[in-house]
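To be precise, the following lines are model-v7.cif, and they hold mmCIF, C-alpha atoms.
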```
data_start
loop_
_atom_site.label_atom_id
_atom_site.label_comp_id
_atom_site.auth_asym_id
_atom_site.auth_seq_id
_atom_site.Cartn_x
_atom_site.Cartn_y
_atom_site.Cartn_z
CA MET E 1 -2.11 -19.79 -69.83
CA LEU E 2 -2.91 -22.36 -67.17
CA GLU E 3 -1.18 -25.70 -66.73
CA SER E 4 -3.35 -27.94 -64.68
CA ASN E 5 -4.10 -31.49 -63.65
CA LEU E 6 -7.38 -31.41 -65.52
CA TYR E 7 -9.18 -34.50 -66.85
CA VAL E 8 -12.37 -34.76 -68.91
CA ALA E 9 -15.15 -37.37 -68.63
CA LEU E 10 -18.06 -38.06 -70.99
CA VAL E 11 -20.95 -39.83 -69.27
CA HIS E 12 -23.51 -42.11 -71.02
CA PHE E 13 -25.35 -43.13 -67.83
CA PRO E 14 -27.12 -41.65 -65.91
CA VAL E 15 -28.10 -38.86 -68.33
CA MET E 16 -31.44 -37.27 -69.13
CA ASN E 17 -33.80 -37.72 -72.02
CA LYS E 18 -35.80 -34.78 -73.30
CA LYS E 19 -38.60 -35.54 -70.83
CA ASN E 20 -36.06 -35.06 -68.02
CA GLN E 21 -36.05 -38.77 -67.15
CA PRO E 22 -32.78 -40.59 -66.35
CA ILE E 23 -31.62 -42.92 -69.13
CA GLY E 24 -28.51 -44.50 -70.59
CA SER E 25 -27.37 -43.29 -74.02
CA ALA E 26 -25.61 -45.02 -76.91
CA LEU E 27 -22.05 -44.11 -77.87
CA THR E 28 -21.62 -41.47 -80.60
CA THR E 29 -18.19 -42.31 -81.97
CA ILE E 30 -17.50 -38.77 -83.24
CA ASP E 31 -17.66 -37.57 -79.61
CA LEU E 32 -14.50 -39.59 -78.95
CA HIS E 33 -12.67 -37.92 -81.83
CA ASP E 34 -13.83 -34.36 -81.29
CA ILE E 35 -13.40 -34.30 -77.53
CA ALA E 36 -10.05 -36.14 -77.70
CA ARG E 37 -8.78 -33.59 -80.26
CA ALA E 38 -9.98 -30.66 -78.11
CA SER E 39 -8.53 -32.32 -74.99
CA ILE E 40 -5.05 -32.72 -76.46
CA THR E 41 -5.16 -29.16 -77.86
CA PHE E 42 -5.80 -27.79 -74.38
CA GLY E 43 -3.35 -30.04 -72.50
CA ILE E 44 -5.92 -32.26 -70.78
CA ARG E 45 -4.33 -35.22 -68.95
CA GLY E 46 -6.88 -37.86 -69.89
CA PHE E 47 -10.36 -38.26 -71.39
CA TYR E 48 -12.64 -40.87 -69.79
CA VAL E 49 -15.55 -42.32 -71.75
CA ILE E 50 -18.00 -43.73 -69.25
CA THR E 51 -20.55 -46.39 -70.15
CA PRO E 52 -21.89 -49.29 -68.08
CA TYR E 53 -22.95 -51.13 -71.26
CA GLU E 54 -20.56 -53.88 -72.30
CA ASP E 55 -21.33 -53.64 -76.04
CA GLN E 56 -20.82 -49.87 -76.02
CA ALA E 57 -17.50 -50.25 -74.18
CA VAL E 58 -16.41 -52.80 -76.80
CA LEU E 59 -17.30 -50.34 -79.57
CA ALA E 60 -15.43 -47.49 -77.85
CA ASN E 61 -12.35 -49.68 -77.43
CA GLN E 62 -12.52 -50.77 -81.09
CA VAL E 63 -12.49 -47.12 -82.20
CA ILE E 64 -9.58 -46.33 -79.87
CA GLU E 65 -7.63 -49.40 -80.98
CA HIS E 66 -8.15 -48.65 -84.69
CA TRP E 67 -6.62 -45.20 -84.23
CA THR E 68 -3.93 -45.96 -81.67
CA LYS E 69 -2.71 -49.42 -82.73
CA GLY E 70 -4.39 -50.14 -86.09
CA VAL E 71 -4.21 -48.70 -89.56
CA GLY E 72 -5.95 -45.44 -88.58
CA GLY E 73 -2.97 -44.19 -86.64
CA LYS E 74 -0.59 -44.97 -89.47
CA LEU E 75 -2.71 -42.93 -91.88
CA ASN E 76 -3.22 -40.08 -89.41
CA PRO E 77 -0.64 -39.81 -86.59
CA PHE E 78 -2.34 -36.66 -85.23
CA ARG E 79 -5.52 -38.62 -84.63
CA LYS E 80 -3.48 -41.39 -82.99
CA LYS E 81 -1.98 -38.88 -80.56
CA ALA E 82 -5.44 -37.55 -79.63
CA LEU E 83 -7.12 -40.95 -79.26
CA GLU E 84 -4.29 -42.09 -76.97
CA LEU E 85 -5.87 -39.84 -74.32
CA VAL E 86 -9.11 -41.86 -74.25
CA ARG E 87 -9.86 -44.43 -71.56
CA VAL E 88 -13.10 -46.38 -71.12
CA THR E 89 -14.61 -47.09 -67.69
CA LYS E 90 -17.96 -48.42 -66.46
CA THR E 91 -18.66 -45.68 -63.91
CA ILE E 92 -17.50 -42.21 -62.89
CA GLU E 93 -16.23 -43.78 -59.66
CA ASP E 94 -13.95 -46.04 -61.72
CA ALA E 95 -12.64 -42.98 -63.58
CA ILE E 96 -12.03 -41.11 -60.32
CA GLY E 97 -10.22 -44.15 -58.91
CA SER E 98 -8.02 -44.34 -62.00
CA ILE E 99 -7.15 -40.61 -61.83
CA GLU E 100 -6.40 -40.78 -58.10
CA GLN E 101 -4.11 -43.73 -58.70
CA GLU E 102 -2.31 -41.78 -61.44
CA ARG E 103 -2.07 -38.48 -59.55
CA LYS E 104 -1.57 -39.93 -56.06
CA GLU E 105 -4.05 -37.41 -54.66
CA PRO E 106 -7.82 -36.92 -54.36
CA VAL E 107 -9.62 -35.61 -57.43
CA LYS E 108 -12.40 -33.00 -57.40
CA THR E 109 -15.39 -33.55 -59.70
CA ILE E 110 -16.92 -30.68 -61.70
CA ALA E 111 -20.30 -31.24 -63.34
CA THR E 112 -21.35 -29.27 -66.43
CA SER E 113 -24.92 -28.45 -67.40
CA ALA E 114 -26.76 -26.23 -69.86
CA LYS E 115 -29.29 -25.49 -67.10
CA GLU E 116 -29.06 -22.79 -64.45
CA THR E 117 -28.25 -24.45 -61.11
CA SER E 118 -28.19 -22.61 -57.81
CA GLY E 119 -24.70 -22.63 -56.32
CA SER E 120 -22.95 -23.17 -59.66
CA ILE E 121 -19.42 -21.75 -59.81
CA THR E 122 -17.94 -19.33 -62.33
CA LEU E 123 -15.05 -20.13 -64.63
CA LYS E 124 -12.98 -17.67 -62.63
CA THR E 125 -13.59 -19.65 -59.44
CA LEU E 126 -12.72 -22.89 -61.21
CA ARG E 127 -9.50 -21.37 -62.50
CA GLN E 128 -8.55 -20.35 -58.97
CA LYS E 129 -9.13 -23.93 -57.84
CA LEU E 130 -7.01 -25.24 -60.71
CA GLU E 131 -4.16 -22.88 -59.90
CA ASP E 132 -3.29 -24.86 -56.79
CA LYS E 133 -2.57 -27.80 -59.14
CA ALA E 134 -5.09 -30.12 -57.51
CA SER E 135 -6.51 -32.79 -59.84
CA HIS E 136 -9.96 -32.10 -61.26
CA VAL E 137 -12.25 -33.93 -63.68
CA LEU E 138 -14.68 -31.94 -65.80
CA ILE E 139 -17.77 -34.08 -66.46
CA PHE E 140 -20.02 -33.82 -69.52
CA GLY E 141 -23.31 -35.60 -70.14
CA THR E 142 -24.48 -36.99 -73.47
CA ALA E 143 -28.17 -36.94 -74.58
CA TRP E 144 -29.95 -34.09 -72.71
CA GLY E 145 -27.21 -33.72 -70.12
CA LEU E 146 -26.11 -35.23 -66.81
CA ALA E 147 -28.90 -36.61 -64.61
CA ASP E 148 -29.48 -34.74 -61.33
CA GLU E 149 -28.45 -37.84 -59.37
CA MET E 150 -25.01 -37.59 -61.02
CA ILE E 151 -24.73 -33.80 -60.62
CA ASP E 152 -25.60 -34.14 -56.91
CA THR E 153 -22.56 -36.36 -56.32
CA CYS E 154 -20.12 -33.81 -57.84
CA ASP E 155 -18.02 -31.39 -55.79
CA PHE E 156 -18.92 -28.42 -58.01
CA ILE E 157 -21.17 -27.50 -60.88
CA LEU E 158 -19.94 -25.04 -63.47
CA ASP E 159 -21.99 -22.13 -64.86
CA PRO E 160 -23.66 -22.89 -68.21
CA ILE E 161 -22.23 -21.52 -71.45
CA TYR E 162 -24.05 -18.46 -72.71
CA GLY E 163 -23.90 -17.03 -76.20
CA ASN E 164 -25.75 -13.81 -76.91
CA THR E 165 -29.19 -15.44 -77.32
CA ASP E 166 -31.42 -17.58 -75.09
CA TYR E 167 -30.62 -20.74 -77.10
CA ASN E 168 -28.81 -23.24 -74.85
CA HIS E 169 -28.65 -26.44 -76.88
CA LEU E 170 -25.05 -26.75 -78.00
CA SER E 171 -23.78 -30.22 -78.91
CA VAL E 172 -21.65 -31.81 -76.20
CA ARG E 173 -18.76 -31.60 -78.68
CA SER E 174 -19.16 -27.82 -78.98
CA ALA E 175 -19.75 -27.35 -75.25
CA ALA E 176 -16.63 -29.33 -74.32
CA SER E 177 -14.53 -27.36 -76.84
CA ILE E 178 -15.76 -23.98 -75.59
CA TYR E 179 -15.38 -24.87 -71.90
CA LEU E 180 -11.82 -26.12 -72.41
CA ASP E 181 -10.87 -22.98 -74.33
CA ARG E 182 -12.42 -20.76 -71.66
CA ILE E 183 -10.78 -22.65 -68.79
CA ILE E 184 -7.32 -23.09 -70.25
CA ASN E 185 -6.97 -19.81 -72.10
CA GLY E 186 -8.51 -18.03 -69.13
CA ARG E 187 -11.10 -15.85 -70.73
CA MET R 1 -21.44 -8.71 -75.97
CA LEU R 2 -21.33 -7.95 -79.67
CA GLU R 3 -24.32 -7.88 -81.99
CA SER R 4 -23.15 -8.19 -85.52
CA ASN R 5 -24.08 -9.00 -89.06
CA LEU R 6 -21.99 -12.15 -88.99
CA TYR R 7 -22.57 -15.19 -91.19
CA VAL R 8 -20.79 -18.55 -91.25
CA ALA R 9 -19.85 -20.69 -94.27
CA LEU R 10 -18.61 -24.29 -94.41
CA VAL R 11 -16.72 -25.08 -97.61
CA HIS R 12 -16.40 -28.56 -99.19
CA PHE R 13 -14.49 -27.39 -102.30
CA PRO R 14 -11.73 -26.31 -102.71
CA VAL R 15 -10.23 -27.74 -99.52
CA MET R 16 -6.97 -29.57 -98.84
CA ASN R 17 -6.20 -33.22 -98.32
CA LYS R 18 -3.44 -34.26 -95.95
CA LYS R 19 -0.89 -34.04 -98.74
CA ASN R 20 -1.80 -30.35 -99.13
CA GLN R 21 -3.48 -30.95 -102.50
CA PRO R 22 -6.80 -29.24 -103.37
CA ILE R 23 -9.78 -31.61 -103.31
CA GLY R 24 -13.54 -31.68 -102.80
CA SER R 25 -14.85 -33.34 -99.63
CA ALA R 26 -18.03 -35.25 -98.86
CA LEU R 27 -20.68 -33.83 -96.55
CA THR R 28 -20.49 -34.82 -92.87
CA THR R 29 -24.06 -34.37 -91.71
CA ILE R 30 -23.17 -33.80 -88.07
CA ASP R 31 -21.30 -30.64 -89.17
CA LEU R 32 -24.67 -29.16 -90.14
CA HIS R 33 -26.13 -29.87 -86.71
CA ASP R 34 -23.17 -28.83 -84.57
CA ILE R 35 -22.34 -25.65 -86.47
CA ALA R 36 -26.03 -24.66 -86.79
CA ARG R 37 -26.48 -25.12 -83.01
CA ALA R 38 -23.34 -23.06 -82.28
CA SER R 39 -24.43 -20.44 -84.83
CA ILE R 40 -27.85 -19.90 -83.30
CA THR R 41 -26.33 -19.82 -79.78
CA PHE R 42 -24.05 -16.97 -80.82
CA GLY R 43 -26.60 -15.01 -82.85
CA ILE R 44 -25.18 -15.77 -86.31
CA ARG R 45 -27.45 -14.53 -89.15
CA GLY R 46 -27.08 -17.52 -91.46
CA PHE R 47 -24.98 -20.64 -92.01
CA TYR R 48 -24.04 -21.50 -95.61
CA VAL R 49 -23.08 -25.06 -96.53
CA ILE R 50 -21.10 -24.86 -99.76
CA THR R 51 -20.73 -27.82 -102.11
CA PRO R 52 -20.54 -27.92 -105.90
CA TYR R 53 -21.64 -31.58 -105.92
CA GLU R 54 -25.30 -32.09 -106.76
CA ASP R 55 -25.70 -35.33 -104.75
CA GLN R 56 -24.12 -33.73 -101.69
CA ALA R 57 -26.40 -30.70 -101.99
CA VAL R 58 -29.40 -33.04 -102.21
CA LEU R 59 -28.24 -34.82 -99.03
CA ALA R 60 -27.73 -31.51 -97.18
CA ASN R 61 -31.19 -30.33 -98.20
CA GLN R 62 -32.73 -33.64 -97.11
CA VAL R 63 -31.20 -33.23 -93.64
CA ILE R 64 -32.39 -29.62 -93.42
CA GLU R 65 -35.88 -30.53 -94.60
CA HIS R 66 -36.21 -33.44 -92.14
CA TRP R 67 -35.47 -31.08 -89.23
CA THR R 68 -37.24 -27.95 -90.42
CA LYS R 69 -40.34 -29.34 -92.17
CA GLY R 70 -40.40 -33.08 -91.40
CA VAL R 71 -40.85 -35.19 -88.31
CA GLY R 72 -37.46 -34.22 -86.84
CA GLY R 73 -38.58 -30.70 -86.04
CA LYS R 74 -41.75 -31.93 -84.36
CA LEU R 75 -39.71 -34.21 -82.09
CA ASN R 76 -37.08 -31.58 -81.37
CA PRO R 77 -38.13 -27.94 -81.93
CA PHE R 78 -34.73 -26.68 -80.72
CA ARG R 79 -33.04 -28.56 -83.54
CA LYS R 80 -35.61 -27.17 -85.98
CA LYS R 81 -34.76 -23.63 -84.91
CA ALA R 82 -31.02 -24.25 -85.44
CA LEU R 83 -31.36 -26.01 -88.79
CA GLU R 84 -33.50 -23.15 -90.10
CA LEU R 85 -30.26 -21.12 -90.27
CA VAL R 86 -28.72 -23.47 -92.85
CA ARG R 87 -28.66 -22.65 -96.58
CA VAL R 88 -26.96 -24.68 -99.30
CA THR R 89 -25.08 -23.03 -102.20
CA LYS R 90 -22.75 -24.28 -104.93
CA THR R 91 -19.98 -21.71 -104.40
CA ILE R 92 -18.79 -19.11 -101.90
CA GLU R 93 -19.64 -16.47 -104.52
CA ASP R 94 -23.25 -17.67 -104.46
CA ALA R 95 -23.27 -17.38 -100.66
CA ILE R 96 -21.80 -13.88 -100.81
CA GLY R 97 -24.39 -12.87 -103.40
CA SER R 98 -27.17 -14.20 -101.19
CA ILE R 99 -25.88 -12.32 -98.12
CA GLU R 100 -25.43 -9.08 -100.07
CA GLN R 101 -28.98 -9.36 -101.33
CA GLU R 102 -30.23 -9.89 -97.77
CA ARG R 103 -28.11 -7.16 -96.16
CA LYS R 104 -28.24 -4.69 -99.06
CA GLU R 105 -24.51 -4.00 -98.62
CA PRO R 106 -21.16 -5.57 -99.54
CA VAL R 107 -19.95 -8.47 -97.37
CA LYS R 108 -16.37 -8.99 -96.20
CA THR R 109 -14.97 -12.52 -96.27
CA ILE R 110 -12.85 -13.89 -93.40
CA ALA R 111 -10.94 -17.14 -93.96
CA THR R 112 -10.01 -19.41 -91.06
CA SER R 113 -7.03 -21.76 -90.96
CA ALA R 114 -5.16 -23.88 -88.43
CA LYS R 115 -1.91 -22.79 -90.14
CA GLU R 116 0.11 -19.66 -89.39
CA THR R 117 -0.38 -17.21 -92.28
CA SER R 118 1.53 -13.96 -92.64
CA GLY R 119 -0.81 -11.00 -92.42
CA SER R 120 -3.50 -12.86 -90.49
CA ILE R 121 -5.62 -10.65 -88.24
CA THR R 122 -6.31 -11.00 -84.53
CA LEU R 123 -9.73 -11.56 -83.01
CA LYS R 124 -9.49 -8.08 -81.56
CA THR R 125 -9.06 -6.58 -85.02
CA LEU R 126 -11.98 -8.63 -86.33
CA ARG R 127 -14.15 -7.43 -83.45
CA GLN R 128 -13.29 -3.84 -84.30
CA LYS R 129 -14.35 -4.48 -87.90
CA LEU R 130 -17.61 -6.08 -86.72
CA GLU R 131 -18.41 -3.13 -84.46
CA ASP R 132 -19.19 -0.95 -87.45
CA LYS R 133 -22.02 -3.41 -88.22
CA ALA R 134 -20.73 -4.25 -91.70
CA SER R 135 -21.69 -7.74 -92.91
CA HIS R 136 -19.01 -10.41 -92.65
CA VAL R 137 -18.88 -14.12 -93.45
CA LEU R 138 -16.53 -16.36 -91.46
CA ILE R 139 -15.38 -19.24 -93.70
CA PHE R 140 -14.38 -22.71 -92.50
CA GLY R 141 -12.88 -25.53 -94.55
CA THR R 142 -13.69 -29.22 -94.15
CA ALA R 143 -11.06 -31.99 -94.63
CA TRP R 144 -7.58 -30.48 -93.95
CA GLY R 145 -8.80 -26.91 -94.27
CA LEU R 146 -9.46 -24.28 -96.93
CA ALA R 147 -7.28 -24.49 -100.05
CA ASP R 148 -4.86 -21.59 -100.57
CA GLU R 149 -6.70 -20.59 -103.74
CA MET R 150 -9.82 -19.99 -101.60
CA ILE R 151 -7.94 -18.21 -98.80
CA ASP R 152 -6.31 -15.90 -101.35
CA THR R 153 -9.69 -14.60 -102.48
CA CYS R 154 -10.77 -13.65 -98.92
CA ASP R 155 -10.56 -10.12 -97.53
CA PHE R 156 -8.96 -11.29 -94.26
CA ILE R 157 -7.56 -14.39 -92.66
CA LEU R 158 -8.04 -14.91 -88.95
CA ASP R 159 -5.30 -16.05 -86.54
CA PRO R 160 -5.38 -19.80 -85.79
CA ILE R 161 -6.79 -21.11 -82.50
CA TYR R 162 -4.13 -21.99 -79.97
CA GLY R 163 -4.55 -24.14 -76.90
CA ASN R 164 -1.60 -24.55 -74.55
CA THR R 165 0.16 -27.22 -76.65
CA ASP R 166 1.49 -27.38 -80.21
CA TYR R 167 -1.41 -29.63 -81.34
CA ASN R 168 -3.48 -27.79 -83.97
CA HIS R 169 -5.88 -30.40 -85.31
CA LEU R 170 -9.27 -29.49 -83.85
CA SER R 171 -12.35 -30.74 -85.67
CA VAL R 172 -14.07 -28.07 -87.76
CA ARG R 173 -17.02 -28.41 -85.36
CA SER R 174 -14.81 -27.55 -82.38
CA ALA R 175 -12.97 -24.79 -84.23
CA ALA R 176 -16.20 -23.11 -85.33
CA SER R 177 -17.61 -23.30 -81.78
CA ILE R 178 -14.49 -21.80 -80.20
CA TYR R 179 -14.14 -19.03 -82.81
CA LEU R 180 -17.79 -18.00 -82.42
CA ASP R 181 -17.48 -17.92 -78.63
CA ARG R 182 -14.27 -15.88 -78.84
CA ILE R 183 -15.70 -13.44 -81.39
CA ILE R 184 -19.14 -12.91 -79.88
CA ASN R 185 -18.26 -13.05 -76.21
CA GLY R 186 -15.21 -10.94 -76.89
CA ARG R 187 -12.52 -12.89 -75.19
#
```
Before anything else, please render the file you have as structure tokens.
Amino acid sequence: MLESNLYVALVHFPVMNKKNQPIGSALTTIDLHDIARASITFGIRGFYVITPYEDQAVLANQVIEHWTKGVGGKLNPFRKKALELVRVTKTIEDAIGSIEQERKEPVKTIATSAKETSGSITLKTLRQKLEDKASHVLIFGTAWGLADEMIDTCDFILDPIYGNTDYNHLSVRSAASIYLDRIINGR
Amino acid sequence: MLESNLYVALVHFPVMNKKNQPIGSALTTIDLHDIARASITFGIRGFYVITPYEDQAVLANQVIEHWTKGVGGKLNPFRKKALELVRVTKTIEDAIGSIEQERKEPVKTIATSAKETSGSITLKTLRQKLEDKASHVLIFGTAWGLADEMIDTCDFILDPIYGNTDYNHLSVRSAASIYLDRIINGR
């Protein structure tokens, strides 16, 4: 079992639409819940929700506030604990800045994608990188995945998740859960 | 990589509320999407959505129809392919009957739970059982999980999912995704 300085980020811009064009996506509030619950299960240090859109950031913060300070957290303290991990920023650079301030060290960025990308790293390689306790942020895209312009700025890109079929259209909630299990439980 | 006669079921009654009382839950339509997408990724034979409530069954069938026969499937053929795995029944017994008719053999039932249960089996044991190609159905509960009265009728109960913390409140969408990955990819 690996203890690491691992963070998670969920990006809403720039992501791809199904025609492979860069777009911005709307918030799906259940992403916050599911990925926060998976993050706390696997000991993730923080979960950044990234949207440049002011109204979407307001919505995200309303959800977080309801569960961390409002009546939601009183009714369900487990959900409160999970949602306390969530932070909203406008850009990935803002998230990286926030992590570097917290960790007092540079953070490495790891893109995820359902597509094959040349030079992508294996989970085993990522685990070796995590073992030196450096801070890393694992980045997920909403809609049809991270735009190439975002992937190109990342330090690494992780191999896609394979099942035992050629279907590679998991929800981002499922993909994040499976990646965290594979990374942290080391399988 | 394991090829198996594995089915998945999502139960809405009898499940538990947070006071550990048996209840029936309402359908969460995103469960159908996320668990169908995970199911098809991992080569699951069929995904049964189980609700005794007529209005909830109507809603489930409307969602399925929109994506398999309606405009949804034209816009997103990948979603169509996933939703084609979903079948709606009133009870787990109906689902078992349907699987036995399809497979022409008895089906073993495997309950899942986030709680420790004495006599629960490991993933390794389950994989050994699947290797003989017998038909199995992996059963998930909505709300706060399967009611004891449902678990008691199952042939096996599977060990809970652990991360590296004591938090055990994954969403059913995350739990199903992680279990399928662990079972099929054998880790």
- Message: If we count all atoms listed in the file and set the cut-off at 10 Å, which residues sit around segment 158-164 of chain E, ignoring sequence neighbours fewer than 3 positions away in its own chain? Please answer as a ChimeraX atom specification.
- Response: /E:110-123,125-126,138-139,167-170,175,178-179,182 /R:1-3,38-44,180-181,184-185
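Here atom CA of Leu85 of chain E is placed at a distance of 12.2 Å from atom CA of Asn61 of chain E.
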- Message: What's around Gln21 of chain E at 12 Å? Count all atoms listed in the file, leave out sequence neighbours fewer than 3 positions away in its own chain, and write the answer as a ChimeraX atom specification.
- Response: /E:13-18,24-25,143-149
- Message: If we count all atoms listed in the file and set the cut-off at 9 Å, which residues sit around segment 4-8 of chain R, ignoring sequence neighbours fewer than 2 positions away in its own chain? Please answer as a ChimeraX atom specification.
- Response: /R:2,10,35,39,43-49,99,103,130-140,176,184
Within 12 Å of (-20.5, -51.8, -71.9) (coordinates as in the file), grab all the protein and nucleic acid residues, counting all atoms listed in the file, and write them out as a PDB file with C-alpha atoms, in the frame of the given file.
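See out-v6.pdb below for the written result:
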```
ATOM      1  CA  HIS E  12     -23.510 -42.110 -71.020  1.00  0.00           C
ATOM      2  CA  PHE E  13     -25.350 -43.130 -67.830  1.00  0.00           C
ATOM      3  CA  GLY E  24     -28.510 -44.500 -70.590  1.00  0.00           C
ATOM      4  CA  SER E  25     -27.370 -43.290 -74.020  1.00  0.00           C
ATOM      5  CA  ALA E  26     -25.610 -45.020 -76.910  1.00  0.00           C
ATOM      6  CA  LEU E  27     -22.050 -44.110 -77.870  1.00  0.00           C
ATOM      7  CA  VAL E  49     -15.550 -42.320 -71.750  1.00  0.00           C
ATOM      8  CA  ILE E  50     -18.000 -43.730 -69.250  1.00  0.00           C
ATOM      9  CA  THR E  51     -20.550 -46.390 -70.150  1.00  0.00           C
ATOM     10  CA  PRO E  52     -21.890 -49.290 -68.080  1.00  0.00           C
ATOM     11  CA  TYR E  53     -22.950 -51.130 -71.260  1.00  0.00           C
ATOM     12  CA  GLU E  54     -20.560 -53.880 -72.300  1.00  0.00           C
ATOM     13  CA  ASP E  55     -21.330 -53.640 -76.040  1.00  0.00           C
ATOM     14  CA  GLN E  56     -20.820 -49.870 -76.020  1.00  0.00           C
ATOM     15  CA  ALA E  57     -17.500 -50.250 -74.180  1.00  0.00           C
ATOM     16  CA  VAL E  58     -16.410 -52.800 -76.800  1.00  0.00           C
ATOM     17  CA  LEU E  59     -17.300 -50.340 -79.570  1.00  0.00           C
ATOM     18  CA  ALA E  60     -15.430 -47.490 -77.850  1.00  0.00           C
ATOM     19  CA  ASN E  61     -12.350 -49.680 -77.430  1.00  0.00           C
ATOM     20  CA  VAL E  88     -13.100 -46.380 -71.120  1.00  0.00           C
ATOM     21  CA  THR E  89     -14.610 -47.090 -67.690  1.00  0.00           C
ATOM     22  CA  LYS E  90     -17.960 -48.420 -66.460  1.00  0.00           C
ATOM     23  CA  THR E  91     -18.660 -45.680 -63.910  1.00  0.00           C
TER      24      THR E  91
END
```
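Between atom CA of Asn20 of chain R and atom CA of Gly97 of chain R there is a distance of 28.9 Å.
If you look at atom CA of Lys69 of chain R and atom CA of Asp31 of chain E, they are 27.2 Å away from each other.
Here the PyMOL selection byres ((chain R and resi 81) around 10) matches the residues E:Tyr167, R:Ala36, R:Arg37, R:Ile40, R:Trp67, R:Thr68, R:Gly73, R:Asn76, R:Pro77, R:Phe78, R:Arg79, R:Lys80, R:Ala82, R:Leu83, R:Glu84, R:Leu85, R:Val86.
Shortest separation to Asp34 of chain E among E:Ile183, E:Arg173, E:Pro22, E:Glu65 occurs at residue E:Arg173, atoms counted being all atoms listed in the file.
Compared by their closest atoms to Ala95 of chain R, and using all atoms listed in the file, the residues R:Thr28, R:Thr109, R:Ser174, R:Thr153 rank with R:Thr109 nearest.
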As lines of an AutoDock Vina configuration file: centre and edge lengths in Å, one decimal, of the axis-aligned box holding segment 34-48 of chain E with 5 Å per side:
```
center_x = -8.6
center_y = -34.3
center_z = -75.1
size_x = 20.5
size_y = 23.1
size_z = 22.3
```
- Message: Calculated over only C-alpha atoms, which of the candidates E:Gly141, E:Ile23, E:Ile64, E:Leu75 has the smallest distance to chain R?
- Response: E:Leu75
